[in-house]
>>> print(open('run-v5.csv').read())   # CSV, C-alpha atoms
chain,number,residue,atom,x,y,z
S,1,MET,CA,129.3,56.9,139.2
S,2,TYR,CA,131.4,58.3,136.3
S,3,GLU,CA,128.6,60.4,135.0
S,4,ALA,CA,130.7,63.6,135.1
S,5,PHE,CA,134.0,61.8,134.7
S,6,ALA,CA,133.1,60.0,131.4
S,7,GLU,CA,133.9,62.9,129.0
S,8,LEU,CA,137.2,63.5,130.8
S,9,TYR,CA,138.3,59.9,131.4
S,10,ASP,CA,140.3,59.3,128.3
S,11,GLU,CA,142.2,62.6,128.5
S,12,LEU,CA,143.1,62.0,132.1
S,13,MET,CA,144.1,58.4,131.4
S,14,ASN,CA,146.2,59.1,128.3
S,15,ASP,CA,149.4,58.0,130.0
S,16,VAL,CA,148.0,54.4,130.5
S,17,ASP,CA,149.6,51.9,128.1
S,18,TYR,CA,146.5,49.9,127.3
S,19,GLU,CA,148.3,48.0,124.5
S,20,SER,CA,150.8,46.6,127.0
S,21,TRP,CA,147.9,45.9,129.5
S,22,ALA,CA,146.0,44.0,126.7
S,23,ASP,CA,149.2,42.0,125.9
S,24,TYR,CA,149.4,41.0,129.6
S,25,TYR,CA,145.8,39.9,129.7
S,26,ALA,CA,146.2,38.0,126.5
S,27,ARG,CA,149.2,36.2,128.1
S,28,LEU,CA,147.1,35.4,131.2
S,29,LEU,CA,144.3,34.1,129.0
S,30,SER,CA,146.6,31.9,127.0
S,31,ILE,CA,148.0,30.3,130.2
S,32,TYR,CA,144.4,29.2,131.0
S,33,GLY,CA,144.0,27.8,127.5
S,34,ILE,CA,142.2,30.8,126.0
S,35,ARG,CA,144.1,32.1,122.9
S,36,GLN,CA,141.0,33.2,121.0
S,37,GLY,CA,137.3,33.2,121.5
S,38,LYS,CA,134.6,35.2,123.2
S,39,ILE,CA,135.5,37.6,126.1
S,40,CYS,CA,133.1,39.7,128.1
S,41,GLU,CA,134.8,42.7,129.8
S,42,CYS,CA,132.9,43.9,132.8
S,43,ALA,CA,133.4,47.5,133.9
S,44,CYS,CA,134.8,48.2,130.5
S,45,GLY,CA,134.5,52.0,130.8
S,46,THR,CA,135.4,53.8,127.6
S,47,GLY,CA,136.8,50.6,126.0
S,48,GLY,CA,140.4,51.5,126.5
S,49,LEU,CA,141.3,47.8,127.0
S,50,THR,CA,138.3,46.3,125.1
S,51,ILE,CA,139.5,47.7,121.7
S,52,PRO,CA,143.2,46.5,122.0
S,53,LEU,CA,142.0,43.0,123.0
S,54,HIS,CA,139.7,43.0,119.9
S,55,LYS,CA,142.7,43.9,117.8
S,56,LEU,CA,144.5,40.9,119.3
S,57,GLY,CA,141.8,38.6,117.9
S,58,PHE,CA,139.3,38.2,120.7
S,59,GLN,CA,135.6,38.5,120.2
S,60,MET,CA,134.9,41.2,122.7
S,61,THR,CA,131.7,42.3,124.4
S,62,GLY,CA,131.9,45.4,126.7
S,63,VAL,CA,129.7,45.7,129.7
S,64,ASP,CA,129.4,48.7,132.0
S,65,ILE,CA,126.8,50.1,134.3
S,66,SER,CA,127.5,53.7,133.1
S,67,ARG,CA,125.7,54.7,130.0
S,68,GLU,CA,128.0,57.7,129.6
S,69,MET,CA,131.1,55.6,129.6
S,70,LEU,CA,129.6,53.2,127.1
S,71,TRP,CA,128.7,56.0,124.8
S,72,GLN,CA,132.4,57.1,124.8
S,73,ALA,CA,133.5,53.5,124.1
S,74,ALA,CA,131.0,53.1,121.2
S,75,GLN,CA,132.2,56.4,119.6
S,76,LYS,CA,135.8,55.5,120.0
S,77,SER,CA,135.4,52.0,118.4
S,78,ARG,CA,133.2,53.4,115.6
S,79,LYS,CA,135.9,55.9,114.7
S,80,GLN,CA,138.4,53.1,114.3
S,81,GLY,CA,136.0,51.0,112.2
S,82,ILE,CA,135.6,48.4,114.9
S,83,ALA,CA,132.3,46.7,115.7
S,84,ILE,CA,132.1,45.8,119.4
S,85,PRO,CA,128.8,45.4,121.2
S,86,PHE,CA,128.8,47.6,124.3
S,87,VAL,CA,126.0,46.7,126.7
S,88,GLN,CA,124.7,48.6,129.7
S,89,GLN,CA,124.5,45.9,132.5
S,90,ASP,CA,125.3,45.6,136.1
S,91,MET,CA,128.3,43.2,136.4
S,92,LYS,CA,126.6,41.6,139.4
S,93,ALA,CA,123.7,40.4,137.1
S,94,LEU,CA,125.2,39.5,133.7
S,95,ASN,CA,122.7,38.4,131.1
S,96,LEU,CA,124.6,37.4,128.0
S,97,HIS,CA,123.0,35.7,125.0
S,98,ARG,CA,125.8,33.2,124.6
S,99,PRO,CA,128.4,31.5,126.9
S,100,MET,CA,131.8,33.3,127.1
S,101,ASP,CA,135.2,31.7,127.0
S,102,ALA,CA,136.2,34.2,129.7
S,103,VAL,CA,134.9,37.1,131.8
S,104,ILE,CA,137.4,39.8,132.7
S,105,ALA,CA,137.2,42.9,134.9
S,106,THR,CA,140.1,45.4,134.9
S,107,CYS,CA,141.2,48.8,136.3
S,108,ASP,CA,139.6,48.5,139.7
S,109,GLY,CA,136.2,47.2,138.6
S,110,VAL,CA,136.0,44.8,141.5
S,111,ASN,CA,137.2,47.4,144.0
S,112,TYR,CA,133.9,49.2,143.3
S,113,LEU,CA,132.0,46.2,144.8
S,114,LEU,CA,131.7,47.4,148.4
S,115,LYS,CA,129.8,44.5,150.1
S,116,ASP,CA,130.6,40.8,150.5
S,117,GLU,CA,127.3,40.0,148.8
S,118,ASP,CA,128.2,42.3,145.9
S,119,LEU,CA,131.4,40.4,145.4
S,120,GLN,CA,129.7,37.1,145.6
S,121,SER,CA,127.0,38.2,143.2
S,122,PHE,CA,129.5,39.2,140.6
S,123,PHE,CA,131.4,35.9,140.9
S,124,ARG,CA,128.2,33.9,140.6
S,125,SER,CA,127.2,36.0,137.7
S,126,ALA,CA,130.5,35.4,136.0
S,127,TRP,CA,130.3,31.7,136.7
S,128,ARG,CA,127.0,31.5,134.9
S,129,ALA,CA,128.3,33.6,132.0
S,130,VAL,CA,131.3,31.4,131.1
S,131,ARG,CA,131.4,28.0,129.6
S,132,PRO,CA,132.6,25.0,131.7
S,133,GLY,CA,136.4,25.3,131.9
S,134,GLY,CA,136.2,29.0,131.1
S,135,ALA,CA,138.0,31.6,133.1
S,136,LEU,CA,137.3,34.6,135.2
S,137,ILE,CA,140.3,37.0,135.3
S,138,PHE,CA,140.3,40.4,137.0
S,139,ASP,CA,142.5,42.8,138.8
S,140,VAL,CA,142.2,44.9,141.9
S,141,SER,CA,144.1,47.8,143.5
S,142,THR,CA,145.7,46.3,146.6
S,143,PRO,CA,144.9,47.3,150.2
S,144,TYR,CA,148.4,48.7,150.3
S,145,LYS,CA,147.7,51.0,147.3
S,146,LEU,CA,144.4,52.2,148.5
S,147,LYS,CA,145.6,53.0,152.0
S,148,ASN,CA,149.1,54.1,151.5
S,149,VAL,CA,149.3,55.5,147.9
S,150,LEU,CA,145.9,56.9,147.1
S,151,CYS,CA,145.6,58.4,150.6
S,152,ALA,CA,149.1,59.8,150.8
S,153,GLY,CA,147.8,63.4,150.4
S,154,LEU,CA,146.0,65.9,148.3
S,155,MET,CA,146.6,65.4,144.6
S,156,GLY,CA,146.0,67.6,141.5
S,157,GLU,CA,147.1,68.5,138.1
S,158,ASP,CA,146.8,71.6,135.9
S,159,ARG,CA,146.4,70.6,132.2
S,160,GLU,CA,145.6,72.8,129.2
S,161,GLN,CA,141.9,71.7,129.0
S,162,VAL,CA,141.2,70.5,132.5
S,163,THR,CA,142.4,71.1,136.1
S,164,TYR,CA,141.5,68.7,138.8
S,165,ILE,CA,141.9,68.4,142.6
S,166,TRP,CA,141.7,64.9,144.1
S,167,GLN,CA,141.2,64.2,147.8
S,168,ASN,CA,141.0,60.7,149.2
S,169,THR,CA,140.0,59.5,152.6
S,170,TRP,CA,140.7,56.1,154.1
S,171,ASN,CA,138.2,54.3,156.4
S,172,GLU,CA,139.9,51.6,158.4
S,173,LYS,CA,136.7,50.1,159.8
S,174,ARG,CA,135.1,49.6,156.4
S,175,GLN,CA,138.4,49.1,154.6
S,176,THR,CA,137.3,51.6,152.0
S,177,VAL,CA,138.6,54.8,150.4
S,178,ASP,CA,136.4,57.7,149.4
S,179,LEU,CA,137.6,59.5,146.3
S,180,ASP,CA,136.4,63.1,145.9
S,181,LEU,CA,137.4,64.9,142.7
S,182,ILE,CA,136.7,68.4,141.5
S,183,PHE,CA,137.3,69.3,137.8
S,184,PHE,CA,137.5,72.6,136.1
S,185,VAL,CA,137.0,72.1,132.4
S,186,ARG,CA,138.1,74.8,130.0
S,187,GLU,CA,135.3,75.8,127.5
S,188,LYS,CA,135.7,77.1,124.0
S,189,ASP,CA,135.1,80.6,125.1
S,190,GLY,CA,137.8,80.4,127.7
S,191,SER,CA,135.5,80.0,130.7
S,192,TYR,CA,135.7,77.1,133.1
S,193,ARG,CA,133.0,74.6,134.0
S,194,ARG,CA,133.1,73.0,137.4
S,195,MET,CA,132.3,69.3,137.8
S,196,GLU,CA,132.4,67.0,140.9
S,197,GLU,CA,132.7,63.3,141.2
S,198,HIS,CA,132.5,61.1,144.3
S,199,GLN,CA,133.5,57.4,144.3
S,200,ARG,CA,134.2,54.7,146.8
S,201,GLN,CA,136.4,51.7,146.6
S,202,ARG,CA,136.9,48.7,148.9
S,203,ALA,CA,140.2,47.0,149.7
S,204,TRP,CA,139.8,43.2,149.2
S,205,ASP,CA,142.4,40.9,150.7
S,206,GLU,CA,143.6,37.7,149.1
S,207,LYS,CA,141.8,35.4,151.5
S,208,SER,CA,138.4,37.0,150.9
S,209,LEU,CA,138.8,36.9,147.1
S,210,LYS,CA,139.8,33.2,147.1
S,211,GLU,CA,137.0,32.2,149.4
S,212,ALA,CA,134.4,34.0,147.5
S,213,LEU,CA,135.6,32.6,144.2
S,214,TRP,CA,135.6,29.0,145.6
S,215,HIS,CA,132.1,29.5,147.0
S,216,ALA,CA,130.9,30.7,143.6
S,217,GLY,CA,132.2,27.6,141.9
S,218,PHE,CA,135.6,28.6,140.6
S,219,ARG,CA,138.7,26.5,141.0
S,220,THR,CA,142.4,26.7,140.3
S,221,VAL,CA,142.6,30.2,141.7
S,222,SER,CA,145.9,32.1,141.2
S,223,ILE,CA,146.9,35.6,142.2
S,224,TYR,CA,149.8,37.4,140.5
S,225,GLY,CA,151.4,40.7,141.5
S,226,ASP,CA,151.9,43.9,139.5
S,227,TYR,CA,151.6,42.7,135.9
S,228,THR,CA,153.8,39.7,136.4
S,229,LEU,CA,153.3,35.9,136.7
S,230,ASN,CA,154.9,36.0,140.2
S,231,ALA,CA,153.2,35.6,143.5
S,232,PRO,CA,152.1,38.8,145.2
S,233,LYS,CA,154.7,40.5,147.4
S,234,GLU,CA,154.5,43.3,149.9
S,235,GLY,CA,154.2,46.7,148.3
S,236,ASP,CA,152.4,45.5,145.2
S,237,GLN,CA,149.9,48.0,144.0
S,238,ARG,CA,147.8,45.7,141.8
S,239,TRP,CA,146.9,42.0,142.0
S,240,HIS,CA,145.7,40.0,139.0
S,241,VAL,CA,143.4,37.1,139.9
S,242,ALA,CA,142.6,34.2,137.6
S,243,ALA,CA,140.2,31.3,138.2
S,244,ILE,CA,138.6,28.5,136.2
S,245,ARG,CA,134.9,27.6,136.3
S,246,GLY,CA,134.3,24.3,138.1
S,247,GLU,CA,131.4,22.0,137.4
S,248,GLU,CA,129.5,22.6,140.6
S,249,ASN,CA,126.6,25.0,140.2
S,250,ALA,CA,127.1,28.5,141.7
S,251,GLN,CA,124.9,28.8,144.7
>>> encode(input="run-v5.csv", output="structure tokens")
Amino acid sequence: MYEAFAELYDELMNDVDYESWADYYARLLSIYGIRQGKICECACGTGGLTIPLHKLGFQMTGVDISREMLWQAAQKSRKQGIAIPFVQQDMKALNLHRPMDAVIATCDGVNYLLKDEDLQSFFRSAWRAVRPGGALIFDVSTPYKLKNVLCAGLMGEDREQVTYIWQNTWNEKRQTVDLDLIFFVREKDGSYRRMEEHQRQRAWDEKSLKEALWHAGFRTVSIYGDYTLNAPKEGDQRWHVAAIRGEENAQ
């Protein structure tokens, strides 16, 4: 996943306001008593959010399963004179050398967990990674978005350095969307290199998320809609979920 996409990711995501996203997460963290401290960002990708959160004063560790995405993140932070450890790990089996004040996962990281046991493994892993009273905060693309927005038709864009075609297919039985992308990357000699990427995401409903968090040992679970502190409403494209680690051992 993301092997071919890594070198193109930042260019294609250059319209995302990561600073505002970081400000929102800092606000969420502060609500749960975390105004500074150690944060592990799972599925950190190229560090688009990791770096702004570092600049806001958090001690960040970036974790991702993709070596290619981590390489991009490390290069980007190094160019800015920022020292952030970026570690290749599966978010379902975190192995951190010190307890975190919070674990976060943004930009659909949890949507890539396709099975119930995958979701539970991540939540248990996060429970073990945070200190007692620490937080797990993540966001997901909503079922509405995956079904009605991403699968609304063929998408594409022709940019100066890259052209892409994006076709998504919804599976009602599995509650998943298959994302198929074809890229044509312009080389220095004017030729084009063709690249393909296939991904799959799952739509998680509120009930499933809350039950899995509770089972993993998290308490005080709250879900907010579309970068607000309001309850989710119909048509939201993103939910933000926050939970506090309870004292019970994650099973």
>>> closest_residue(input="run-v5.csv", among="S:Arg245, S:Arg200, S:Arg219, S:Lys92", to="Asn111 in chain S", atoms="only C-alpha atoms")
S:Arg200
>>> residues_around(input="run-v5.csv", residues="range 134-144 of chain S", least_positions_apart="6", cutoff="9 Å", atoms="all atoms listed in the file", output="PyMOL selection string")
chain S and resi 25+28-29+32-34+100-111+123+126-127+175-176+202-205+218+234-246
>>> residues_around(input="run-v5.csv", residues="Ser208 in chain S", least_positions_apart="5", cutoff="12 Å", atoms="all atoms listed in the file", output="PyMOL selection string")
chain S and resi 115-117+119-120+202-203+213-215
>>> atom_distance(input="run-v5.csv", atom1="CA of Asp158 in chain S", atom2="CA of Lys188 in chain S")
17.2 Å
>>> atom_distance(input="run-v5.csv", atom1="CA of Gln75 in chain S", atom2="CA of Cys44 in chain S")
13.9 Å
>>> atom_distance(input="run-v5.csv", atom1="CA of Glu197 in chain S", atom2="CA of Thr50 in chain S")
24.1 Å
>>> decode(input="run-v5.csv", residues="range 194-225 of chain S", atoms="C-alpha atoms", output="CSV table (one decimal), in the first residue's frame")
chain,number,residue,atom,x,y,z
S,194,ARG,CA,2.7,4.9,-15.7
S,195,MET,CA,2.0,3.8,-12.1
S,196,GLU,CA,-0.9,2.0,-10.5
S,197,GLU,CA,-2.2,1.8,-7.0
S,198,HIS,CA,-5.0,-0.3,-5.5
S,199,GLN,CA,-6.3,0.4,-2.0
S,200,ARG,CA,-9.3,-0.7,0.0
S,201,GLN,CA,-11.1,1.1,2.9
S,202,ARG,CA,-13.9,0.0,5.2
S,203,ALA,CA,-16.8,2.1,6.4
S,204,TRP,CA,-17.0,1.9,10.2
S,205,ASP,CA,-20.3,2.9,11.9
S,206,GLU,CA,-20.4,4.7,15.3
S,207,LYS,CA,-21.8,1.7,17.2
S,208,SER,CA,-18.9,-0.6,16.0
S,209,LEU,CA,-16.3,2.0,16.9
S,210,LYS,CA,-17.6,2.7,20.4
S,211,GLU,CA,-18.1,-1.0,21.2
S,212,ALA,CA,-14.6,-1.9,20.0
S,213,LEU,CA,-13.1,1.0,22.0
S,214,TRP,CA,-14.9,0.0,25.2
S,215,HIS,CA,-13.9,-3.7,24.8
S,216,ALA,CA,-10.2,-2.6,24.4
S,217,GLY,CA,-10.4,-0.7,27.7
S,218,PHE,CA,-11.1,2.9,26.6
S,219,ARG,CA,-13.7,5.0,28.4
S,220,THR,CA,-15.4,8.4,27.9
S,221,VAL,CA,-15.8,7.9,24.2
S,222,SER,CA,-16.9,10.9,22.2
S,223,ILE,CA,-17.5,11.3,18.4
S,224,TYR,CA,-17.4,14.7,16.7
S,225,GLY,CA,-18.4,15.6,13.2
